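K.L.:
Got final-v1.cif for you, mmCIF, C-alpha atoms:
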```cif
data_query
loop_
_atom_site.label_atom_id
_atom_site.label_comp_id
_atom_site.auth_asym_id
_atom_site.auth_seq_id
_atom_site.Cartn_x
_atom_site.Cartn_y
_atom_site.Cartn_z
CA MET J 14 5.74 -47.36 20.70
CA GLN J 15 4.25 -44.98 18.16
CA LYS J 16 4.53 -46.21 14.61
CA ARG J 17 6.68 -43.97 12.44
CA ARG J 18 4.74 -42.33 9.65
CA SER J 19 5.99 -43.03 6.14
CA HIS J 20 7.47 -40.11 4.25
CA LYS J 21 7.12 -39.91 0.50
CA LYS J 22 10.08 -38.27 -1.18
CA SER J 23 10.78 -37.25 -4.71
CA ARG J 24 13.39 -39.83 -5.69
CA ASN J 25 13.97 -38.62 -9.22
CA GLY J 26 13.53 -34.87 -8.78
CA CYS J 27 15.52 -32.22 -10.60
CA GLN J 28 18.67 -30.63 -9.20
CA ASN J 29 16.99 -27.32 -8.36
CA CYS J 30 14.17 -28.90 -6.32
CA LYS J 31 16.74 -30.85 -4.33
CA LYS J 32 18.69 -27.65 -3.73
CA TRP J 33 15.52 -25.78 -2.71
CA HIS J 34 14.36 -28.73 -0.54
CA THR J 35 11.07 -28.68 -2.45
CA LYS J 36 9.21 -31.72 -3.68
CA CYS J 37 9.62 -32.06 -7.45
CA ASP J 38 6.69 -33.24 -9.56
CA GLU J 39 9.22 -35.02 -11.84
CA SER J 40 7.23 -33.97 -14.91
CA GLY J 41 10.01 -32.01 -16.60
CA PRO J 42 12.21 -30.72 -17.73
CA PRO J 43 11.04 -28.26 -16.82
CA CYS J 44 9.17 -29.30 -13.69
CA ASN J 45 6.51 -26.97 -12.28
CA ASN J 46 8.83 -25.40 -9.70
CA CYS J 47 11.48 -24.53 -12.29
CA ALA J 48 8.87 -23.33 -14.78
CA LEU J 49 7.36 -20.98 -12.22
CA ARG J 50 10.76 -19.63 -11.21
CA LYS J 51 12.10 -19.51 -14.79
CA ALA J 52 15.06 -21.64 -13.70
CA LYS J 53 17.03 -24.10 -15.83
CA CYS J 54 15.67 -27.53 -15.01
CA VAL J 55 18.24 -30.37 -15.01
CA TYR J 56 17.73 -33.98 -13.97
CA ASN J 57 20.46 -36.35 -12.88
CA ARG J 58 18.78 -39.18 -14.77
CA PRO J 59 17.11 -39.08 -18.19
CA LYS J 60 13.33 -38.65 -18.03
CA ALA J 61 12.49 -40.04 -21.45
CA GLU J 62 12.06 -43.45 -23.00
CA ASN J 63 12.89 -44.14 -26.63
CA PHE J 64 10.61 -46.36 -28.64
CA ASP J 65 11.31 -48.33 -31.78
CA ASN J 66 9.66 -45.77 -34.06
CA GLY J 67 12.04 -43.06 -32.89
CA THR J 68 9.46 -41.14 -30.88
CA ILE J 69 10.11 -40.08 -27.34
CA ALA J 70 7.56 -40.34 -24.57
CA LEU J 71 8.02 -38.50 -21.30
CA ARG J 72 7.28 -40.44 -18.18
CA SER J 73 4.34 -38.97 -16.37
CA LYS J 74 2.52 -39.91 -13.21
CA GLU J 75 -0.94 -38.73 -12.33
CA ILE J 76 -0.85 -37.55 -8.76
CA GLU J 77 -4.11 -38.13 -6.92
CA ARG J 78 -4.89 -36.16 -3.79
CA PRO J 79 -4.61 -38.60 -0.89
CA ARG J 80 -7.63 -39.15 1.31
CA GLY J 81 -7.33 -38.00 4.90
CA ASP J 82 -3.86 -37.07 6.07
CA VAL J 83 -1.71 -35.41 3.39
CA GLY J 84 1.31 -37.36 4.56
CA SER J 85 4.62 -35.82 3.58
CA LEU J 86 3.28 -32.27 3.57
CA CYS J 87 1.96 -32.30 7.11
CA GLY J 88 5.24 -33.28 8.75
CA ALA J 89 6.86 -29.97 7.89
CA TYR J 90 4.27 -27.93 9.74
CA GLY J 91 4.23 -29.49 13.17
CA GLY J 92 0.75 -30.98 13.00
CA PRO J 93 -1.74 -32.98 10.99
CA GLY J 94 -2.05 -31.97 7.37
CA ARG J 95 -5.78 -31.65 7.82
CA LEU J 96 -5.22 -28.70 10.14
CA LEU J 97 -3.17 -26.98 7.47
CA GLU J 98 -5.87 -27.68 4.90
CA LEU J 99 -8.50 -26.30 7.28
CA GLU J 100 -6.44 -23.16 7.84
CA LEU J 101 -6.00 -22.62 4.11
CA MET J 102 -9.64 -23.21 3.20
CA HIS J 103 -10.64 -20.80 5.97
CA GLN J 104 -8.21 -18.30 4.45
CA TRP J 105 -9.80 -18.81 1.03
CA SER J 106 -13.39 -18.46 2.20
CA THR J 107 -12.77 -15.38 4.35
CA SER J 108 -10.10 -13.46 2.46
CA THR J 109 -8.35 -14.89 -0.60
CA TYR J 110 -11.49 -15.29 -2.72
CA LYS J 111 -12.08 -11.54 -2.60
CA SER J 112 -8.99 -10.84 -4.70
CA PHE J 113 -10.63 -12.67 -7.62
CA CYS J 114 -14.03 -10.95 -7.45
CA GLY J 115 -14.70 -8.70 -10.44
CA ILE J 116 -18.37 -8.05 -9.70
CA PRO J 117 -20.44 -8.54 -6.51
CA GLU J 118 -22.05 -11.68 -7.90
CA ASP J 119 -18.63 -13.34 -8.07
CA GLY J 120 -18.62 -13.44 -4.27
CA GLU J 121 -21.13 -16.26 -3.82
CA TYR J 122 -19.59 -18.27 -6.64
CA LEU J 123 -16.01 -17.98 -5.36
CA GLN J 124 -16.79 -18.29 -1.67
CA SER J 125 -19.27 -21.14 -1.85
CA VAL J 126 -19.97 -22.66 -5.28
CA LEU J 127 -16.35 -23.13 -6.44
CA PRO J 128 -15.10 -24.72 -3.16
CA ARG J 129 -18.04 -27.13 -3.24
CA ALA J 130 -17.23 -28.02 -6.84
CA ALA J 131 -13.59 -28.46 -5.83
CA LEU J 132 -14.61 -31.35 -3.57
CA ASN J 133 -15.13 -33.30 -6.79
CA TYR J 134 -11.98 -32.07 -8.52
CA ASP J 135 -8.77 -32.49 -6.56
CA PHE J 136 -6.83 -30.13 -8.86
CA MET J 137 -9.11 -27.22 -7.95
CA LEU J 138 -9.02 -27.95 -4.23
CA ASN J 139 -5.22 -28.01 -4.32
CA CYS J 140 -5.22 -24.76 -6.32
CA LEU J 141 -7.39 -22.96 -3.75
CA MET J 142 -5.11 -24.10 -0.94
CA SER J 143 -2.03 -23.12 -2.94
CA ILE J 144 -3.01 -19.49 -3.53
CA SER J 145 -4.34 -19.17 0.03
CA SER J 146 -1.04 -20.42 1.41
CA LEU J 147 0.87 -17.94 -0.74
CA GLN J 148 -1.35 -15.10 0.47
CA ILE J 149 -0.59 -16.00 4.08
CA ALA J 150 3.11 -16.09 3.21
CA ARG J 151 2.87 -12.62 1.66
CA ALA J 152 1.02 -11.28 4.71
CA ILE J 153 3.31 -12.59 7.46
CA GLY J 154 6.66 -12.25 5.66
CA GLY J 155 9.97 -13.16 7.26
CA PRO J 156 11.32 -16.66 7.95
CA GLU J 157 7.90 -17.87 9.09
CA SER J 158 6.53 -17.39 5.58
CA LYS J 159 8.84 -20.02 4.06
CA LYS J 160 6.70 -22.96 5.16
CA TYR J 161 3.65 -21.40 3.51
CA VAL J 162 5.54 -20.77 0.29
CA THR J 163 6.68 -24.40 0.28
CA ALA J 164 3.14 -25.57 0.99
CA GLY J 165 1.83 -23.36 -1.81
CA LEU J 166 4.22 -24.97 -4.28
CA GLU J 167 3.38 -28.47 -3.03
CA PHE J 168 -0.35 -27.96 -3.45
CA TYR J 169 0.07 -26.32 -6.85
CA ASN J 170 2.26 -29.15 -8.13
CA ARG J 171 -0.36 -31.70 -7.10
CA GLY J 172 -3.14 -29.68 -8.66
CA SER J 173 -1.40 -29.01 -11.96
CA SER J 174 -0.61 -32.69 -12.52
CA SER J 175 -4.28 -33.63 -12.14
CA PHE J 176 -5.42 -30.53 -14.06
CA ARG J 177 -3.58 -31.63 -17.19
CA THR J 178 -5.37 -34.98 -17.04
CA HIS J 179 -8.82 -33.41 -16.68
CA LEU J 180 -8.18 -30.78 -19.35
CA GLY J 181 -8.39 -33.43 -22.03
CA ASN J 182 -11.92 -34.25 -20.92
CA MET J 183 -13.61 -30.85 -20.66
CA ASN J 184 -17.39 -31.00 -20.33
CA ALA J 185 -20.37 -29.01 -19.06
CA ASP J 186 -19.68 -29.99 -15.44
CA ASN J 187 -15.97 -29.24 -15.19
CA SER J 188 -15.49 -26.42 -17.72
CA HIS J 189 -15.86 -23.57 -15.23
CA VAL J 190 -13.59 -25.37 -12.74
CA LEU J 191 -10.87 -25.88 -15.36
CA TYR J 192 -11.13 -22.23 -16.39
CA MET J 193 -10.87 -21.01 -12.79
CA PHE J 194 -7.81 -23.19 -12.19
CA SER J 195 -6.09 -21.68 -15.22
CA SER J 196 -6.99 -18.18 -14.02
CA ILE J 197 -5.82 -18.65 -10.44
CA ALA J 198 -2.62 -20.30 -11.74
CA ILE J 199 -1.61 -16.85 -13.03
CA ALA J 200 -1.88 -15.48 -9.51
CA VAL J 201 0.13 -18.41 -8.17
CA HIS J 202 2.89 -17.66 -10.67
CA LEU J 203 3.02 -13.98 -9.69
CA SER J 204 2.87 -14.79 -5.96
CA ILE J 205 5.82 -17.16 -5.67
CA PRO J 206 8.89 -15.33 -4.34
CA GLN J 207 11.42 -15.07 -7.14
CA ARG J 208 15.07 -15.61 -6.31
CA SER J 209 16.73 -14.26 -9.42
CA THR J 210 14.14 -13.88 -12.17
CA SER J 211 13.59 -10.37 -13.47
CA VAL J 212 10.13 -8.84 -13.21
CA LEU J 213 9.98 -8.64 -17.01
CA GLU J 214 10.65 -12.36 -17.38
CA LEU J 215 7.99 -12.98 -14.75
CA ALA J 216 5.56 -10.84 -16.77
CA LYS J 217 6.39 -12.68 -19.99
CA VAL J 218 5.40 -15.99 -18.43
CA ALA J 219 2.26 -14.34 -17.04
CA PHE J 220 1.34 -13.16 -20.56
CA ASP J 221 1.62 -16.76 -21.79
CA LEU J 222 -0.46 -18.04 -18.87
CA VAL J 223 -3.18 -15.43 -19.49
CA ASN J 224 -3.39 -16.43 -23.14
CA GLY J 225 -3.52 -20.09 -22.16
CA SER J 226 -6.34 -19.39 -19.73
CA THR J 227 -8.18 -17.45 -22.44
CA SER J 228 -7.89 -20.43 -24.80
CA ILE J 229 -9.37 -22.71 -22.15
CA GLY J 230 -12.17 -20.22 -21.59
CA MET J 231 -12.94 -20.05 -25.30
CA MET J 232 -12.99 -23.86 -25.57
CA GLY J 233 -15.54 -24.13 -22.81
CA MET J 234 -17.38 -20.85 -23.41
CA PRO J 235 -20.85 -22.30 -24.22
CA TRP J 236 -20.73 -24.37 -21.03
CA ILE J 237 -19.17 -21.65 -18.86
CA LEU J 238 -21.80 -19.09 -19.86
CA ASN J 239 -24.48 -21.50 -18.65
CA SER J 240 -22.65 -22.53 -15.48
CA ASN J 241 -22.89 -21.02 -11.99
CA TYR J 242 -19.92 -18.79 -12.78
CA PRO J 243 -21.48 -15.34 -13.49
CA LEU J 244 -19.37 -14.63 -16.58
CA ARG J 245 -22.42 -13.64 -18.61
CA LEU J 246 -23.21 -10.89 -16.09
CA TYR J 247 -19.61 -9.66 -16.13
CA VAL J 248 -19.51 -9.44 -19.93
CA SER J 249 -22.87 -7.62 -20.02
CA ARG J 250 -21.41 -4.82 -17.89
CA ILE J 251 -18.46 -4.04 -20.15
CA GLY J 252 -18.97 -0.69 -21.81
CA ALA J 253 -17.01 2.16 -20.26
CA THR J 254 -16.53 5.04 -22.70
CA LYS J 255 -13.26 6.85 -23.29
CA ASP J 256 -14.66 9.79 -21.33
CA TRP J 257 -13.66 7.91 -18.19
CA ILE J 258 -9.97 8.02 -19.15
CA PRO J 259 -8.08 10.71 -17.18
CA PRO J 260 -6.81 13.61 -19.35
CA ASP J 261 -3.09 12.92 -18.88
CA VAL J 262 -3.62 9.25 -19.78
CA ARG J 263 -5.44 10.26 -22.96
CA VAL J 264 -2.48 12.43 -23.96
CA ALA J 265 -0.04 9.57 -23.31
CA LEU J 266 -2.10 7.12 -25.36
CA GLU J 267 -2.39 9.57 -28.25
CA LYS J 268 1.40 9.85 -28.28
CA LEU J 269 1.65 6.06 -28.49
CA LYS J 270 -0.65 6.17 -31.51
CA GLU J 271 1.49 8.88 -33.11
CA ILE J 272 4.64 6.80 -32.64
CA ASN J 273 2.91 3.83 -34.25
CA GLU J 274 1.74 5.95 -37.20
CA GLN J 275 5.19 7.44 -37.78
CA ARG J 276 7.31 4.33 -37.30
CA ASN J 277 5.16 1.39 -38.33
CA LYS J 278 2.37 2.31 -40.72
CA VAL J 279 4.40 2.50 -43.94
CA ALA J 280 6.91 -0.32 -43.58
CA SER J 281 5.29 -2.72 -41.16
CA GLU J 282 6.24 -6.39 -41.14
CA PRO J 283 3.30 -8.77 -41.63
CA ILE J 284 2.37 -11.13 -38.85
CA SER J 285 1.41 -14.60 -40.12
CA GLY J 286 -0.48 -17.45 -38.59
CA GLY J 287 -3.51 -17.62 -36.39
CA ASP J 288 -5.80 -19.67 -38.59
CA GLU J 289 -5.65 -23.12 -40.12
CA ASN J 290 -4.68 -21.80 -43.56
CA GLY J 291 -1.74 -19.73 -42.33
CA VAL J 292 -3.21 -16.56 -43.82
CA VAL J 293 -1.60 -13.23 -42.94
CA LEU J 294 -3.85 -11.74 -40.32
CA MET J 295 -2.47 -8.25 -39.76
CA SER J 296 0.59 -6.10 -39.98
CA LYS J 297 2.68 -5.09 -37.00
CA TYR J 298 1.18 -1.64 -37.26
CA GLU J 299 -2.33 -3.08 -36.94
CA LEU J 300 -1.24 -5.32 -34.09
CA TYR J 301 0.17 -2.36 -32.15
CA GLU J 302 -2.93 -0.30 -32.97
CA MET J 303 -5.22 -3.01 -31.58
CA ALA J 304 -3.09 -3.30 -28.43
CA ILE J 305 -3.31 0.46 -27.82
CA GLN J 306 -7.08 0.40 -28.36
CA ASN J 307 -7.40 -2.42 -25.85
CA LEU J 308 -5.21 -0.44 -23.47
CA GLU J 309 -7.70 2.43 -23.78
CA THR J 310 -10.52 0.06 -22.86
CA CYS J 311 -8.59 -1.13 -19.80
CA PHE J 312 -7.98 2.45 -18.64
CA ALA J 313 -11.65 3.34 -19.14
CA GLU J 314 -12.98 0.30 -17.27
CA GLU J 315 -10.55 0.68 -14.38
CA ALA J 316 -11.34 4.38 -14.08
CA ARG J 317 -15.09 3.64 -14.06
CA GLY J 318 -14.50 1.01 -11.37
CA LEU J 319 -17.53 -1.14 -12.12
CA LEU J 320 -15.52 -4.20 -13.19
CA ARG J 321 -12.84 -4.71 -10.61
CA GLY J 322 -9.47 -5.85 -11.97
CA PHE J 323 -10.57 -5.57 -15.60
CA GLY J 324 -7.15 -4.20 -16.60
CA SER J 325 -5.51 -7.53 -15.78
CA ALA J 326 -7.12 -8.91 -18.94
CA PHE J 327 -4.95 -6.77 -21.23
CA PRO J 328 -2.59 -9.64 -22.24
CA ALA J 329 -5.60 -11.67 -23.40
CA MET J 330 -7.14 -8.70 -25.21
CA ALA J 331 -3.87 -7.88 -26.97
CA GLY J 332 -3.61 -11.49 -28.13
CA LYS J 333 -1.03 -14.18 -28.73
CA HIS J 334 0.83 -12.38 -31.52
CA PHE J 335 1.37 -9.34 -29.31
CA THR J 336 2.50 -11.69 -26.54
CA THR J 337 5.08 -13.12 -28.96
CA LEU J 338 6.41 -9.61 -29.56
CA VAL J 339 6.64 -9.05 -25.81
CA ASN J 340 8.46 -12.38 -25.33
CA ASN J 341 10.92 -11.31 -28.04
CA SER J 342 11.47 -7.98 -26.22
CA ASP J 343 10.15 -5.97 -29.18
CA PRO J 344 10.87 -2.34 -28.16
CA PHE J 345 7.52 -0.78 -29.08
CA ALA J 346 5.57 -3.71 -27.59
CA LEU J 347 7.52 -3.17 -24.36
CA LEU J 348 6.70 0.55 -24.45
CA ILE J 349 3.01 -0.35 -24.66
CA VAL J 350 3.39 -2.79 -21.76
CA MET J 351 5.17 -0.06 -19.82
CA HIS J 352 2.03 2.08 -20.22
CA TRP J 353 -0.09 -0.89 -19.14
CA THR J 354 1.70 -0.87 -15.78
CA ILE J 355 -0.24 2.32 -15.02
CA VAL J 356 -3.45 0.32 -15.42
CA ILE J 357 -2.05 -2.27 -13.00
CA GLY J 358 -1.39 0.55 -10.55
CA MET J 359 -5.05 1.60 -10.81
CA ILE J 360 -6.30 -1.88 -9.89
CA ASP J 361 -7.75 -2.43 -6.43
CA GLN J 362 -4.93 -2.96 -3.94
CA SER J 363 -6.70 -6.04 -2.54
CA ILE J 364 -5.68 -7.84 -5.76
CA TRP J 365 -2.41 -8.34 -3.94
CA TRP J 366 -0.86 -10.81 -6.38
CA LEU J 367 -0.79 -8.27 -9.23
CA VAL J 368 -0.41 -4.70 -8.01
CA SER J 369 3.08 -5.15 -6.57
CA VAL J 370 4.66 -5.78 -10.00
CA ALA J 371 3.53 -2.51 -11.62
CA GLU J 372 6.30 -0.05 -10.75
CA PRO J 373 9.19 -2.59 -10.81
CA LEU J 374 8.07 -3.77 -14.26
CA ALA J 375 7.90 -0.21 -15.60
CA GLN J 376 11.37 0.56 -14.26
CA GLU J 377 12.89 -2.62 -15.68
CA ILE J 378 11.44 -1.96 -19.14
CA SER J 379 12.78 1.59 -19.00
CA ASP J 380 16.24 0.34 -18.05
CA LEU J 381 16.16 -2.26 -20.82
CA LEU J 382 15.21 0.29 -23.50
CA VAL J 383 17.92 2.68 -22.35
CA ALA J 384 20.56 -0.07 -22.31
CA PHE J 385 19.72 -1.86 -25.57
CA HIS J 386 17.81 0.71 -27.63
CA PRO J 387 19.29 4.07 -26.61
CA ASP J 388 18.12 5.87 -29.75
CA LEU J 389 14.54 4.75 -29.22
CA ALA J 390 14.74 5.50 -25.51
CA GLU J 391 15.79 9.05 -26.34
CA GLU J 392 12.95 9.39 -28.85
CA TRP J 393 10.40 7.98 -26.39
CA ALA J 394 11.86 9.70 -23.33
CA GLU J 395 8.78 11.87 -22.68
CA GLY J 396 6.38 8.92 -22.63
CA MET J 397 8.70 6.78 -20.53
CA ALA J 398 9.18 9.61 -18.04
CA TRP J 399 5.41 10.09 -17.81
CA VAL J 400 4.94 6.43 -16.87
CA LEU J 401 7.64 6.49 -14.19
CA ASN J 402 6.40 9.78 -12.75
CA ARG J 403 2.81 8.54 -12.71
CA HIS J 404 3.88 5.60 -10.56
CA ARG J 405 5.37 8.04 -8.06
CA SER J 406 2.22 10.18 -8.00
CA PRO J 407 -1.00 9.51 -6.05
CA PRO J 408 -2.91 6.59 -7.62
CA LEU J 409 -5.74 7.09 -10.09
CA THR J 410 -8.69 6.07 -7.94
CA PRO J 411 -11.71 4.45 -9.60
CA GLN J 412 -15.16 5.69 -8.64
CA LEU J 413 -16.07 2.36 -7.03
CA ARG J 414 -13.56 0.50 -4.91
CA GLU J 415 -15.10 -1.80 -2.31
CA LEU J 416 -17.34 -4.53 -3.65
CA PRO J 417 -20.35 -5.56 -1.57
CA TYR J 418 -19.39 -9.23 -1.54
CA VAL J 419 -22.38 -11.48 -1.87
CA SER J 420 -22.22 -14.76 -0.02
CA GLY J 421 -24.73 -17.52 0.06
#
```
Rewrite the structure from the file as structure tokens, please.

P.N.:
Amino acid sequence: MQKRRSHKKSRNGCQNCKKWHTKCDESGPPCNNCALRKAKCVYNRPKAENFDNGTIALRSKEIERPRGDVGSLCGAYGGPGRLLELELMHQWSTSTYKSFCGIPEDGEYLQSVLPRAALNYDFMLNCLMSISSLQIARAIGGPESKKYVTAGLEFYNRGSSSFRTHLGNMNADNSHVLYMFSSIAIAVHLSIPQRSTSVLELAKVAFDLVNGSTSIGMMGMPWILNSNYPLRLYVSRIGATKDWIPPDVRVALEKLKEINEQRNKVASEPISGGDENGVVLMSKYELYEMAIQNLETCFAEEARGLLRGFGSAFPAMAGKHFTTLVNNSDPFALLIVMHWTIVIGMIDQSIWWLVSVAEPLAQEISDLLVAFHPDLAEEWAEGMAWVLNRHRSPPLTPQLRELPYVSG
């Protein structure tokens, strides 16, 4: 008689994970699943322990990737977990990696170097399988996609638990792997089917994730620049001039600058923080001005087409203080983000995890401004209409689209 395989369940998972029939990482509240879906995370039992000094420590458990069969995950897919892993790594090495290539030299790194490095870092291996599973789910759609979405969440939960452990020990060997995990995590967040979360709320979390990834990149920058990841080459090719920006986009950006001059230059609230002394860094006017300038750079680079997907870096370029304004639904910050959705629309369609949010995000911001800031919406009606109409027009096509992927 065949011995029954043990099945590891989440005994202390949150209420949502039990409702979704998804394994909970028990690290919350919020757990990873609830954080990704922007859902309220509630546990039936308290997750904290009180100590004598009044501090509270959350229980945490480092989840190591099991050797061989992946156990509980494989049972849901009608075959050994290794076959699922093989399918997902094949998906990564033949298709998924391409959506993260910014320059041709990224191809060899993402297709060969990073997967080999991931053999030494379970969090990265789980991350590659997670985003590959979510890409398959997006491609096949329908009821059949559910098992791949579930697998994507399972792999990501495992990876993120181990990632947090390794992040505290960044070094020359793992810096590029940690940075790539944080970058691909953004795509995972945008790829998970959302049940009720608005596109704007999804974007707000993405802004935070981009800034977090940027911080990790800055921490490890000396090591990353000297790693196999061709970041140095990518940075050396930045330099598109404003001449690349299409005429109608230039007009729209100039109008944004005019609005900033008229509304914010004279009586602009100061933004504090950002350095260890708490010194005032810039006014709101200067913050908006910098964001618009960075938006110009994104338009120019996407129109030139040499650096594929460059426009996705706008949240990092605009910075944490601008992200705070976006998270607080600041009207003018949202208007700038609404214009950024045109950049997203210009990005190569093979960056599947990003391009689909462009038009829905623009429409939701427009609806929000009309509902909660009708006077401003009336004042900014021309610019808002231009954004919405541009989404319904033929896309702005960069000069270079298809990258000659380099593989080792």

K.L.:
For CA of Ile237 in chain J and CA of Cys140 in chain J, quote the distance in Å rounded to one decimal.

P.N.:
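So the answer is 19.0 Å.
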
K.L.:
Hey, what's within 6 Å of range 96-111 of chain J if we count all atoms listed in the file and toss same-chain stuff fewer than 5 positions away? As a count of residues only, please?

P.N.:
4

K.L.:
Just checking: using all atoms listed in the file, which residue out of J:Ser188, J:Met234, J:Trp399, J:Leu222 ends up closest to Val264 in chain J?

P.N.:
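Counting all atoms listed in the file, the residue closest to Val264 in chain J is J:Trp399.
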
K.L.:
Which residue gives the smallest distance to Thr227 in chain J among J:Ser211, J:Ser249, J:Thr336, J:Ser195, with only C-alpha atoms counted?

P.N.:
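Of all the options, J:Ser195 lies closest to Thr227 in chain J.
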
K.L.:
Output the residue selection produced by the PyMOL selection byres ((chain J and resi 340-344) around 10) on the file above, formatted as a ChimeraX atom specification.

P.N.:
/J:213-214,216-218,220-221,334-339,345-350,378,381-382,385-386,389-390

K.L.:
Using CA of Leu300 in chain J and CA of Gly318 in chain J as the two end points, give the distance in Å to one decimal.

P.N.:
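According to the coordinates, CA of Leu300 in chain J and CA of Gly318 in chain J are separated by 27.1 Å.
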
K.L.:
List the residues matched by the PyMOL selection byres ((chain J and resi 252-257) around 8) in the displayed structure as a list in words, ordered by chain and then by residue number.

P.N.:
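Selection result, ordered by chain and number: Arg250, Ile251, Ile258, Pro259, Glu309, Thr310, Phe312, Ala313, Glu314, Ala316 and Arg317 of chain J.
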
K.L.:
Using the chain letters and residue numbers of this document, give as a PyMOL selection string the residues selected by the PyMOL selection byres ((chain J and resi 167-177) around 6).

P.N.:
chain J and resi 136+139-140+143+164-166+178-180

K.L.:
Taking into account only C-alpha atoms, which residue in the set J:Gln376, J:Ser325, J:Asn46, J:Asn133 is nearest to Leu401 in chain J?

P.N.:
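Distance minimum relative to Leu401 in chain J lands on J:Gln376.
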
K.L.:
Suppose you want the space between CA of Leu203 in chain J and CA of Val370 in chain J; what is it in Å?

P.N.:
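Atom-to-atom, CA of Leu203 in chain J to CA of Val370 in chain J, that is 8.4 Å.
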